[in-house]
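The structure appears below as structure tokens.
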Amino acid sequence: MTQLPLRAQLATALGRTAATLSRATGRGDGSVIGGRVSMLLEPDLLRQLARDRKLALVSATNGKTTTTRLITSALSELGEVATNAFGANMPAGHVSALSSAKHAPYGVLEVDEKYLPEVIDTTGAGVICLMNLSRDQMDRAGEIWLLAQKWRRALAGKNTHVIANADDPLVTWGASTAASVTWVSAGQPWKEDSWCCPECGGPLDRKGMEYVPPGSLGSGASSQAGENDWACRECTFRRPEPSWVLDDDAVIDPRGRRWVLDIQLPGRANRANAAIALATAEAFGLPVERALPRLREVRSVAGRYTTVERGGRHARLLLAKNPAGWLEAFDVLDSSLPVILSVNAQGPDGRDTSWLWDVDYRVLRGRPVFVTGERRLDLALRLDVADVPFQLAGSFEQALGAQPPGKVDVIANYTAFQQIRSEFGRAV
Ligand SMILES: [Zn+2]
């Protein structure tokens with residue numbers, strides 16, 4: 001790789017010093033402050049650090065941290081990989097990630113959905129993974145259709161290869177201005193944000209619903225494309241033919257070979273993330289037989305799916321930040337275990353908890369449910385309306401103490417999750 005200009009070298013050195021100081025004073029991992037300091041000195045630093053590397057950007061509402069980790073693990077087969085492992089997914093975090101692995105020929109960067117157009121422009125990344133878009137942080141985040149529209153503009157006219165989830169209509173629309181796209185059927189359990197065609201506003205028909213295209217009189221109307229098929233009733237916008245397909249516990253590659261995933265991360269959502277990771281690895285020239293064993297090495301991601309223990313109670317931590325994330329977490333729950341739900345509404349969570357009403361909680365009936373967190377009363381009311389019996393607890397500690405010794409599942413939103421991790425010490 002070519003040497004960085006002197007100013008850029010100085011900027012990265014100062015940024016690393018700031019990050020070290022920040023860590024030493026107990027203010028987090030320091031990657032954001034380090035990146036900010038570097039960019040003050042050299043605003044063009046991200047472009048310079050990205051130059052000469054093979055980069056993948058990963059964006060979505062849910063699963064971007066995990067998928068970034070899976071792709072990083074796969075590409076480590078090829079050489080050193082720079083990555084923002086701690087979820088600092090805006091440009092300062094990207095500067096920090098790339099400057100801490102200056103000679104890595106590869107980079108895998110998680111990117112906040114809103115920052116994606118800017119980061120595409122700045123880094124000129126060759127590969128971009130787009131997985132899902134749904135409602136999130138309702139008081140803060142932009143309208144998701146506008147986000148997808150910005151993605152379209154950012155991708156148009158660039159020499160970029162996109163790996164995209166064909167089962168999500170809004171992602172498909174957002175990706176379809178790219179010069180080349182590998183479509184992956186990765187599923188879409190949460191459909192509440194995509195009943196309308198993003199192209200024309202008409203209704204979207206789904207597989208299993210009666211679909212008759214205009215003028216066809218029904219001939220060939222029912223698609224054979226699988227249970228995730230969709231099409232607009234009023235225009236030509238429809239699901240593209242996927243070349244990779246997530247099929248229950250396996251993925252089918254473009255040559256029709258079926259690979260059982262058996263990864264350590266639990267649940268359908270993680271198998272979807274793995275399917276995207278395998279398609280991305282192949283875009284880097286890494287075949288499935290070499291990438292898949294690397295995906296199996298990933299056990300937990302930034303504390304997700306790890307277990308904390310106190311007094312013989314082993315609590316498995318699941319992070320869920322929005323309605324689609326709660327559906328994914330329900331899919332992972334062990335139906336024989338009690339579950340603790342913890343909801344906060346601090347800045348990183350979004351202060352508006354009205355999304356709690358969008359989630360169908362009836363799946364929780366029949367098991368002991370404990371509710372805690374700052375907004376436990378909001379959640380309690382919602383569960384009451386859904387006829388899900390529950391007990392309130394003043395704190396996570398109390399909720400855990402109310403369990404018999406043994407295993408318990410925990411679903412928490414962002415700051416609730418971080419509080420549990422920090423208060424209960426090292427994950428075991
Ligand atoms: Zn349409």
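Residue numbers start at 1 in each chain; chains themselves are named A, B, ... in the order of the structure tokens; ligands are numbered from 1 in the order shown.
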Shell of 6 Å around ligand 1 (only C-alpha atoms and all ligand atoms), written as a list in words: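 Every residue with an atom at most 6 Å from ligand 1 is listed here: Cys197, Glu199, Cys200, Gly201, Gly202, Cys232, Glu234, Cys235 and Phe237 of chain A.
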For the residues in that selection, give me all heavy atoms as a compact mmCIF listing (two decimals), in the first residue's frame.
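Wrote it out as selection38.txt, contents follow:
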# COMPACT_ATOMS: atom_id res chain seq x y z
N CYS A 197 -45.66 -0.31 -2.59
CA CYS A 197 -44.58 -0.28 -3.58
C CYS A 197 -43.80 1.02 -3.44
O CYS A 197 -44.37 2.11 -3.51
CB CYS A 197 -45.18 -0.38 -4.98
SG CYS A 197 -43.97 -0.14 -6.29
N GLU A 199 -41.84 2.28 -5.50
CA GLU A 199 -41.73 2.94 -6.81
C GLU A 199 -42.97 3.77 -7.12
O GLU A 199 -42.87 4.91 -7.54
CB GLU A 199 -41.51 1.86 -7.88
CG GLU A 199 -41.34 2.38 -9.29
CD GLU A 199 -40.01 3.10 -9.50
OE1 GLU A 199 -39.03 2.76 -8.83
OE2 GLU A 199 -39.98 4.03 -10.33
N CYS A 200 -44.16 3.18 -6.90
CA CYS A 200 -45.38 3.87 -7.35
C CYS A 200 -46.41 4.06 -6.23
O CYS A 200 -47.42 4.73 -6.44
CB CYS A 200 -46.02 3.10 -8.51
SG CYS A 200 -46.92 1.62 -7.99
N GLY A 201 -46.17 3.48 -5.06
CA GLY A 201 -47.13 3.64 -3.96
C GLY A 201 -48.28 2.65 -4.01
O GLY A 201 -49.12 2.64 -3.12
N GLY A 202 -48.32 1.80 -5.03
CA GLY A 202 -49.39 0.79 -5.14
C GLY A 202 -49.22 -0.31 -4.11
O GLY A 202 -48.19 -0.39 -3.43
N CYS A 232 -45.43 -5.71 -7.17
CA CYS A 232 -46.39 -4.61 -7.14
C CYS A 232 -47.59 -4.94 -8.02
O CYS A 232 -47.44 -5.51 -9.10
CB CYS A 232 -45.73 -3.32 -7.63
SG CYS A 232 -46.91 -1.94 -7.66
N GLU A 234 -49.51 -2.72 -9.31
CA GLU A 234 -49.83 -1.63 -10.24
C GLU A 234 -48.70 -1.20 -11.16
O GLU A 234 -48.91 -0.40 -12.07
CB GLU A 234 -50.35 -0.42 -9.45
CG GLU A 234 -51.69 -0.74 -8.82
CD GLU A 234 -52.26 0.40 -8.00
OE1 GLU A 234 -51.59 1.44 -7.89
OE2 GLU A 234 -53.37 0.22 -7.47
N CYS A 235 -47.47 -1.68 -10.91
CA CYS A 235 -46.38 -1.34 -11.84
C CYS A 235 -45.49 -2.57 -12.01
O CYS A 235 -45.81 -3.65 -11.54
CB CYS A 235 -45.59 -0.12 -11.36
SG CYS A 235 -44.43 -0.43 -10.02
N PHE A 237 -42.55 -3.18 -10.83
CA PHE A 237 -41.58 -3.43 -9.77
C PHE A 237 -41.90 -4.75 -9.05
O PHE A 237 -43.01 -4.94 -8.55
CB PHE A 237 -41.61 -2.27 -8.76
CG PHE A 237 -40.56 -2.36 -7.69
CD1 PHE A 237 -39.21 -2.39 -8.01
CD2 PHE A 237 -40.92 -2.42 -6.35
CE1 PHE A 237 -38.24 -2.48 -7.02
CE2 PHE A 237 -39.95 -2.51 -5.35
CZ PHE A 237 -38.61 -2.54 -5.70
Residue set, range 97-139 of chain A restricted to helix (DSSP H, G or I), as JSON, numbers by chain: {"A": [97, 98, 99, 113, 114, 115, 116, 117, 118, 119, 120, 121, 122, 123]}
Secondary structure check, strand (DSSP E) residues of range 201-347 of chain A, as a PyMOL selection string: chain A and resi 204-206+230-232+244-247+250-252+258-260+307-310+313-319+339-342
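With only C-alpha atoms as the atoms that count, the minimum distance from Gly187 in chain A to the choices A:Ser354, A:Asn84, A:Thr236, A:Asn270 is reached by A:Asn270.
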Within 12 Å of range 148-151 of chain A using only C-alpha atoms, minus same-chain residues under 6 positions, as a VMD selection string: chain A and resid 59 to 61 112 to 121 128 to 134 142 157 to 158 162 168 to 178 198 to 199
Quick one: residues within 6 Å of Arg375 in chain A, only C-alpha atoms, excluding same-chain residues fewer than 3 positions away - as a compact mmCIF listing (two decimals) with C-alpha atoms, in the first residue's frame?
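Resulting contents of part-v4.txt:
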# COMPACT_ATOMS: atom_id res chain seq x y z
CA VAL A 343 -36.93 -1.42 28.06
CA ASN A 344 -35.27 1.98 28.48
CA ASP A 378 -45.28 1.18 29.07
Shell around Val251 in chain A at 12 Å using only C-alpha atoms, local window under 2 positions removed, as a ChimeraX atom specification: /A:184-187,242-249,253-263,268,271-279,288,292
Close residues, Thr123 in chain A itself excluded, 9 Å, only C-alpha atoms, min 4 positions apart in chain, as a PyMOL selection string: chain A and resi 46-51+55+118-119
Save out the residues we just selected, N, CA, C and O atoms, as a short mmCIF file (atom, residue, chain, number, x, y, z; two decimals), in the first residue's frame.
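Writing done, so here's out_8.cif:
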data_model
loop_
_atom_site.label_atom_id
_atom_site.label_comp_id
_atom_site.auth_asym_id
_atom_site.auth_seq_id
_atom_site.Cartn_x
_atom_site.Cartn_y
_atom_site.Cartn_z
N LEU A 46 -10.48 9.94 5.92
CA LEU A 46 -11.17 8.68 5.62
C LEU A 46 -10.90 8.25 4.18
O LEU A 46 -10.61 7.09 3.90
N ARG A 47 -10.95 9.23 3.26
CA ARG A 47 -10.68 8.92 1.85
C ARG A 47 -9.26 8.36 1.70
O ARG A 47 -9.03 7.38 1.00
N GLN A 48 -8.31 9.00 2.38
CA GLN A 48 -6.91 8.56 2.25
C GLN A 48 -6.69 7.18 2.86
O GLN A 48 -5.95 6.37 2.34
N LEU A 49 -7.36 6.92 3.98
CA LEU A 49 -7.20 5.62 4.63
C LEU A 49 -7.87 4.50 3.83
O LEU A 49 -7.47 3.34 3.90
N ALA A 50 -8.94 4.86 3.10
CA ALA A 50 -9.68 3.85 2.34
C ALA A 50 -9.00 3.50 1.02
O ALA A 50 -9.17 2.40 0.50
N ARG A 51 -8.22 4.44 0.53
CA ARG A 51 -7.57 4.25 -0.77
C ARG A 51 -6.72 2.97 -0.75
O ARG A 51 -6.10 2.64 0.24
N LEU A 55 -12.71 -2.77 0.19
CA LEU A 55 -13.63 -2.47 1.30
C LEU A 55 -15.02 -3.02 1.05
O LEU A 55 -15.55 -2.95 -0.06
N GLU A 118 -22.82 9.16 2.24
CA GLU A 118 -21.57 9.90 2.46
C GLU A 118 -20.36 8.95 2.48
O GLU A 118 -19.32 9.25 1.88
N VAL A 119 -20.52 7.82 3.16
CA VAL A 119 -19.38 6.90 3.29
C VAL A 119 -19.10 6.19 1.96
O VAL A 119 -17.93 5.91 1.64
#
Neighbour list for Gln391 in chain A as a ChimeraX atom specification, cut-off 9 Å, only C-alpha atoms, skip fewer than 2 positions in-chain: /A:368-372,380,389,393,399
Any chance you could export the current selection's C-alpha atoms as a PDB file, in the first residue's frame?
ATOM      1  CA  PRO A 368     -42.962 -16.704  33.205  1.00  0.00           C
ATOM      2  CA  VAL A 369     -42.413 -13.121  31.986  1.00  0.00           C
ATOM      3  CA  PHE A 370     -40.654 -10.420  34.037  1.00  0.00           C
ATOM      4  CA  VAL A 371     -40.716  -6.758  33.008  1.00  0.00           C
ATOM      5  CA  THR A 372     -38.156  -4.167  34.055  1.00  0.00           C
ATOM      6  CA  ALA A 380     -46.584  -3.721  31.124  1.00  0.00           C
ATOM      7  CA  PRO A 389     -49.299 -12.553  32.213  1.00  0.00           C
ATOM      8  CA  ALA A 393     -39.526  -5.854  38.776  1.00  0.00           C
ATOM      9  CA  ALA A 399     -35.960  -9.710  38.170  1.00  0.00           C
TER      10      ALA A 399
END
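Atom pair CA of Ala281 in chain A / CA of Thr72 in chain A: separated by 9.2 Å.
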